[in-house]
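**Q** Would you mind keeping the following structure in view while I ask a few things?
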Amino acid sequence: MEIGERRDGDILILSPTGRIDNDTSPDFQTRLLAALTPGAAVLVDLSGVAYVSSAGLRALMMGSKQSKAANGRLAVAGLGPVVKEIFEISRFSLVVQVFDTPADALAALR
């Protein structure tokens with residue numbers, strides 16, 4: 001897994017590619033938590049992610065908790081069919097804001 005990074009104004013966009021699983025979730029979690037500084041707005045664009053395991057969901061849950069504690073904002077967008085199904089089954093949209101497209105997420109985070 002690789003994690004691309006860019007900014008759109010004051011919003012940091014992290015774009016992981018590949019799989020977020022037991023092998024890759026520690027790196028993903030480390031990068032995500034480092035980005036969630038007090039007041040930060042972070043969008044995780046999952047359009048390049050083919051699969052998210054429970055370890056990947058845990059990393060996002062940790063990010064959500066840290067973001068809320070630091071008065072920040074965290075959103076995910078661009079879920080492919082498999083990742084979207086995983087989010088639906090686990091009801092993960094109750095944990096983190098989910099948007100259909102990165103553009104929708106950026107508009108909401110502004």
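Chain labels follow the order of the structure tokens: the first chain is A, the next B, and so on; residue numbering restarts at 1 in every chain, and ligands are counted from 1 in their shown order.
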Near segment 65-81 of chain A, counting only C-alpha atoms, which residues have an atom at most 6 Å away, once you skip same-chain residues fewer than 2 positions from it, shown as JSON, numbers by chain?

**A** {"A": [36, 38, 39, 40, 41, 42, 43, 44, 45, 46, 47, 62, 63, 83, 84, 97, 98, 99, 100, 101, 102]}

**Q** Run DSSP on the backbone and tell me which residues of chain A come out as strand (DSSP E); list them as a PyMOL selection string.

**A** chain A and resi 2-8+11-20+41-45+48-52+73-77+97-99

**Q** So that I can see what lies close to Met61 of chain A, please list as a ChimeraX atom specification the residues with an atom at most 12 Å from it, counting only C-alpha atoms and leaving out residues fewer than 6 positions away in the same chain.

**A** /A:25,29,32-33,54-55,67-68,74-76,87,90-97

**Q** Would you write out those residues with all heavy atoms, as a compact mmCIF listing (two decimals), in the first residue's frame?

**A**
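again.txt was written with the following content:
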```txt
# COMPACT_ATOMS: atom_id res chain seq x y z
N SER A 25 -2.18 -1.85 7.70
CA SER A 25 -2.91 -0.92 8.55
C SER A 25 -2.04 -0.17 9.57
O SER A 25 -2.34 0.99 9.86
CB SER A 25 -4.08 -1.61 9.26
OG SER A 25 -3.63 -2.59 10.14
N GLN A 29 -2.47 3.73 9.82
CA GLN A 29 -2.89 4.36 11.07
C GLN A 29 -1.89 5.41 11.53
O GLN A 29 -2.28 6.50 11.95
CB GLN A 29 -3.09 3.30 12.15
CG GLN A 29 -3.55 3.89 13.48
CD GLN A 29 -3.88 2.84 14.51
OE1 GLN A 29 -4.46 1.81 14.18
NE2 GLN A 29 -3.51 3.09 15.76
N LEU A 32 -2.33 8.46 9.28
CA LEU A 32 -3.60 9.12 9.55
C LEU A 32 -3.57 9.88 10.87
O LEU A 32 -3.95 11.06 10.92
CB LEU A 32 -4.74 8.09 9.55
CG LEU A 32 -6.14 8.60 9.87
CD1 LEU A 32 -6.59 9.62 8.84
CD2 LEU A 32 -7.12 7.44 9.96
N LEU A 33 -3.11 9.24 11.92
CA LEU A 33 -3.08 9.90 13.23
C LEU A 33 -2.13 11.09 13.24
O LEU A 33 -2.41 12.10 13.88
CB LEU A 33 -2.72 8.90 14.33
CG LEU A 33 -3.73 7.77 14.57
CD1 LEU A 33 -3.26 6.86 15.69
CD2 LEU A 33 -5.13 8.30 14.84
N SER A 54 -10.72 -5.61 9.03
CA SER A 54 -11.10 -5.07 10.33
C SER A 54 -9.96 -4.24 10.94
O SER A 54 -10.22 -3.27 11.65
CB SER A 54 -11.50 -6.20 11.29
OG SER A 54 -10.43 -7.11 11.45
N ALA A 55 -8.73 -4.59 10.62
CA ALA A 55 -7.59 -3.78 11.10
C ALA A 55 -7.60 -2.39 10.46
O ALA A 55 -7.27 -1.40 11.12
CB ALA A 55 -6.28 -4.50 10.80
N SER A 67 -9.69 12.65 15.98
CA SER A 67 -10.19 13.85 15.32
C SER A 67 -11.22 14.55 16.18
O SER A 67 -11.17 15.76 16.37
CB SER A 67 -10.79 13.47 13.95
OG SER A 67 -11.32 14.60 13.32
N LYS A 68 -12.16 13.79 16.72
CA LYS A 68 -13.20 14.38 17.57
C LYS A 68 -12.60 15.00 18.82
O LYS A 68 -12.98 16.09 19.24
CB LYS A 68 -14.25 13.33 17.94
CG LYS A 68 -15.14 12.98 16.77
CD LYS A 68 -16.09 11.86 17.11
CE LYS A 68 -16.89 11.48 15.85
NZ LYS A 68 -17.62 10.24 16.01
N LEU A 74 -12.90 14.58 10.05
CA LEU A 74 -12.40 13.46 9.27
C LEU A 74 -13.54 12.92 8.42
O LEU A 74 -14.65 12.75 8.91
CB LEU A 74 -11.88 12.35 10.19
CG LEU A 74 -11.45 11.04 9.52
CD1 LEU A 74 -10.25 11.27 8.59
CD2 LEU A 74 -11.13 9.99 10.56
N ALA A 75 -13.24 12.67 7.15
CA ALA A 75 -14.24 12.09 6.25
C ALA A 75 -13.55 11.10 5.32
O ALA A 75 -12.33 11.19 5.10
CB ALA A 75 -14.92 13.18 5.43
N VAL A 76 -14.33 10.16 4.80
CA VAL A 76 -13.83 9.24 3.78
C VAL A 76 -14.75 9.36 2.57
O VAL A 76 -15.93 9.71 2.69
CB VAL A 76 -13.76 7.77 4.27
CG1 VAL A 76 -12.82 7.64 5.44
CG2 VAL A 76 -15.13 7.24 4.62
N PHE A 87 -18.22 -1.34 4.63
CA PHE A 87 -18.70 -0.24 5.46
C PHE A 87 -20.17 -0.44 5.82
O PHE A 87 -20.58 -0.17 6.96
CB PHE A 87 -18.50 1.10 4.74
CG PHE A 87 -17.19 1.77 5.03
CD1 PHE A 87 -15.99 1.18 4.70
CD2 PHE A 87 -17.15 3.01 5.64
CE1 PHE A 87 -14.79 1.79 4.97
CE2 PHE A 87 -15.95 3.65 5.92
CZ PHE A 87 -14.76 3.03 5.58
N SER A 90 -20.61 -3.39 8.40
CA SER A 90 -20.10 -3.03 9.72
C SER A 90 -20.76 -1.77 10.29
O SER A 90 -20.45 -1.38 11.41
CB SER A 90 -18.58 -2.82 9.65
OG SER A 90 -18.29 -1.71 8.81
N ARG A 91 -21.63 -1.15 9.49
CA ARG A 91 -22.28 0.11 9.88
C ARG A 91 -21.24 1.18 10.23
O ARG A 91 -21.42 1.97 11.15
CB ARG A 91 -23.25 -0.14 11.03
CG ARG A 91 -24.36 -1.11 10.65
CD ARG A 91 -25.31 -1.35 11.77
NE ARG A 91 -25.75 -0.07 12.33
CZ ARG A 91 -26.99 0.22 12.64
NH1 ARG A 91 -27.92 -0.67 12.46
NH2 ARG A 91 -27.30 1.39 13.15
N PHE A 92 -20.16 1.18 9.48
CA PHE A 92 -19.05 2.07 9.79
C PHE A 92 -19.36 3.53 9.47
O PHE A 92 -18.67 4.43 9.96
CB PHE A 92 -17.78 1.61 9.06
CG PHE A 92 -16.54 1.90 9.83
CD1 PHE A 92 -16.22 1.17 10.97
CD2 PHE A 92 -15.70 2.92 9.45
CE1 PHE A 92 -15.09 1.46 11.71
CE2 PHE A 92 -14.56 3.22 10.18
CZ PHE A 92 -14.26 2.48 11.31
N SER A 93 -20.39 3.78 8.68
CA SER A 93 -20.77 5.16 8.40
C SER A 93 -21.27 5.87 9.66
O SER A 93 -21.37 7.09 9.68
CB SER A 93 -21.82 5.23 7.30
OG SER A 93 -22.97 4.52 7.70
N LEU A 94 -21.54 5.11 10.72
CA LEU A 94 -21.89 5.71 12.01
C LEU A 94 -20.65 6.18 12.76
O LEU A 94 -20.75 6.96 13.71
CB LEU A 94 -22.67 4.72 12.87
CG LEU A 94 -24.00 4.22 12.29
CD1 LEU A 94 -24.60 3.15 13.18
CD2 LEU A 94 -24.97 5.37 12.08
N VAL A 95 -19.47 5.70 12.33
CA VAL A 95 -18.22 6.03 13.01
C VAL A 95 -17.53 7.22 12.34
O VAL A 95 -16.98 8.09 13.01
CB VAL A 95 -17.28 4.80 13.01
CG1 VAL A 95 -15.92 5.15 13.61
CG2 VAL A 95 -17.91 3.66 13.76
N VAL A 96 -17.57 7.25 11.02
CA VAL A 96 -16.89 8.30 10.27
C VAL A 96 -17.81 8.74 9.13
O VAL A 96 -18.59 7.95 8.61
CB VAL A 96 -15.52 7.79 9.74
CG1 VAL A 96 -15.69 6.66 8.76
CG2 VAL A 96 -14.70 8.90 9.14
N GLN A 97 -17.74 10.03 8.79
CA GLN A 97 -18.56 10.55 7.69
C GLN A 97 -18.12 9.93 6.38
O GLN A 97 -16.93 9.94 6.05
CB GLN A 97 -18.42 12.06 7.59
CG GLN A 97 -19.23 12.84 8.59
CD GLN A 97 -19.21 14.32 8.24
OE1 GLN A 97 -18.17 14.95 8.31
NE2 GLN A 97 -20.35 14.86 7.87
```

**Q** Would you list, as a PyMOL selection string, the residues of segment 64-93 of chain A that end up in helix (DSSP H, G or I) under DSSP run on this structure's backbone?

**A** chain A and resi 64-69+81-90+92-93

**Q** Store the residues picked out above in a file with C-alpha atoms, as a CSV table (one decimal), in the first residue's frame.

**A**
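Written file, out_39.csv:
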```csv
chain,number,residue,atom,x,y,z
A,64,SER,CA,-12.2,9.3,14.2
A,65,LYS,CA,-11.7,9.3,18.0
A,66,GLN,CA,-8.6,11.4,17.7
A,67,SER,CA,-10.2,13.8,15.3
A,68,LYS,CA,-13.2,14.4,17.6
A,69,ALA,CA,-11.0,14.8,20.6
A,81,PRO,CA,-18.1,-1.7,-4.3
A,82,VAL,CA,-16.2,-4.1,-2.0
A,83,VAL,CA,-15.2,-1.4,0.5
A,84,LYS,CA,-18.7,0.1,0.4
A,85,GLU,CA,-20.1,-3.3,1.2
A,86,ILE,CA,-17.7,-3.7,4.1
A,87,PHE,CA,-18.7,-0.2,5.5
A,88,GLU,CA,-22.4,-1.1,5.1
A,89,ILE,CA,-22.1,-4.5,6.9
A,90,SER,CA,-20.1,-3.0,9.7
A,92,PHE,CA,-19.1,2.1,9.8
A,93,SER,CA,-20.8,5.2,8.4
```
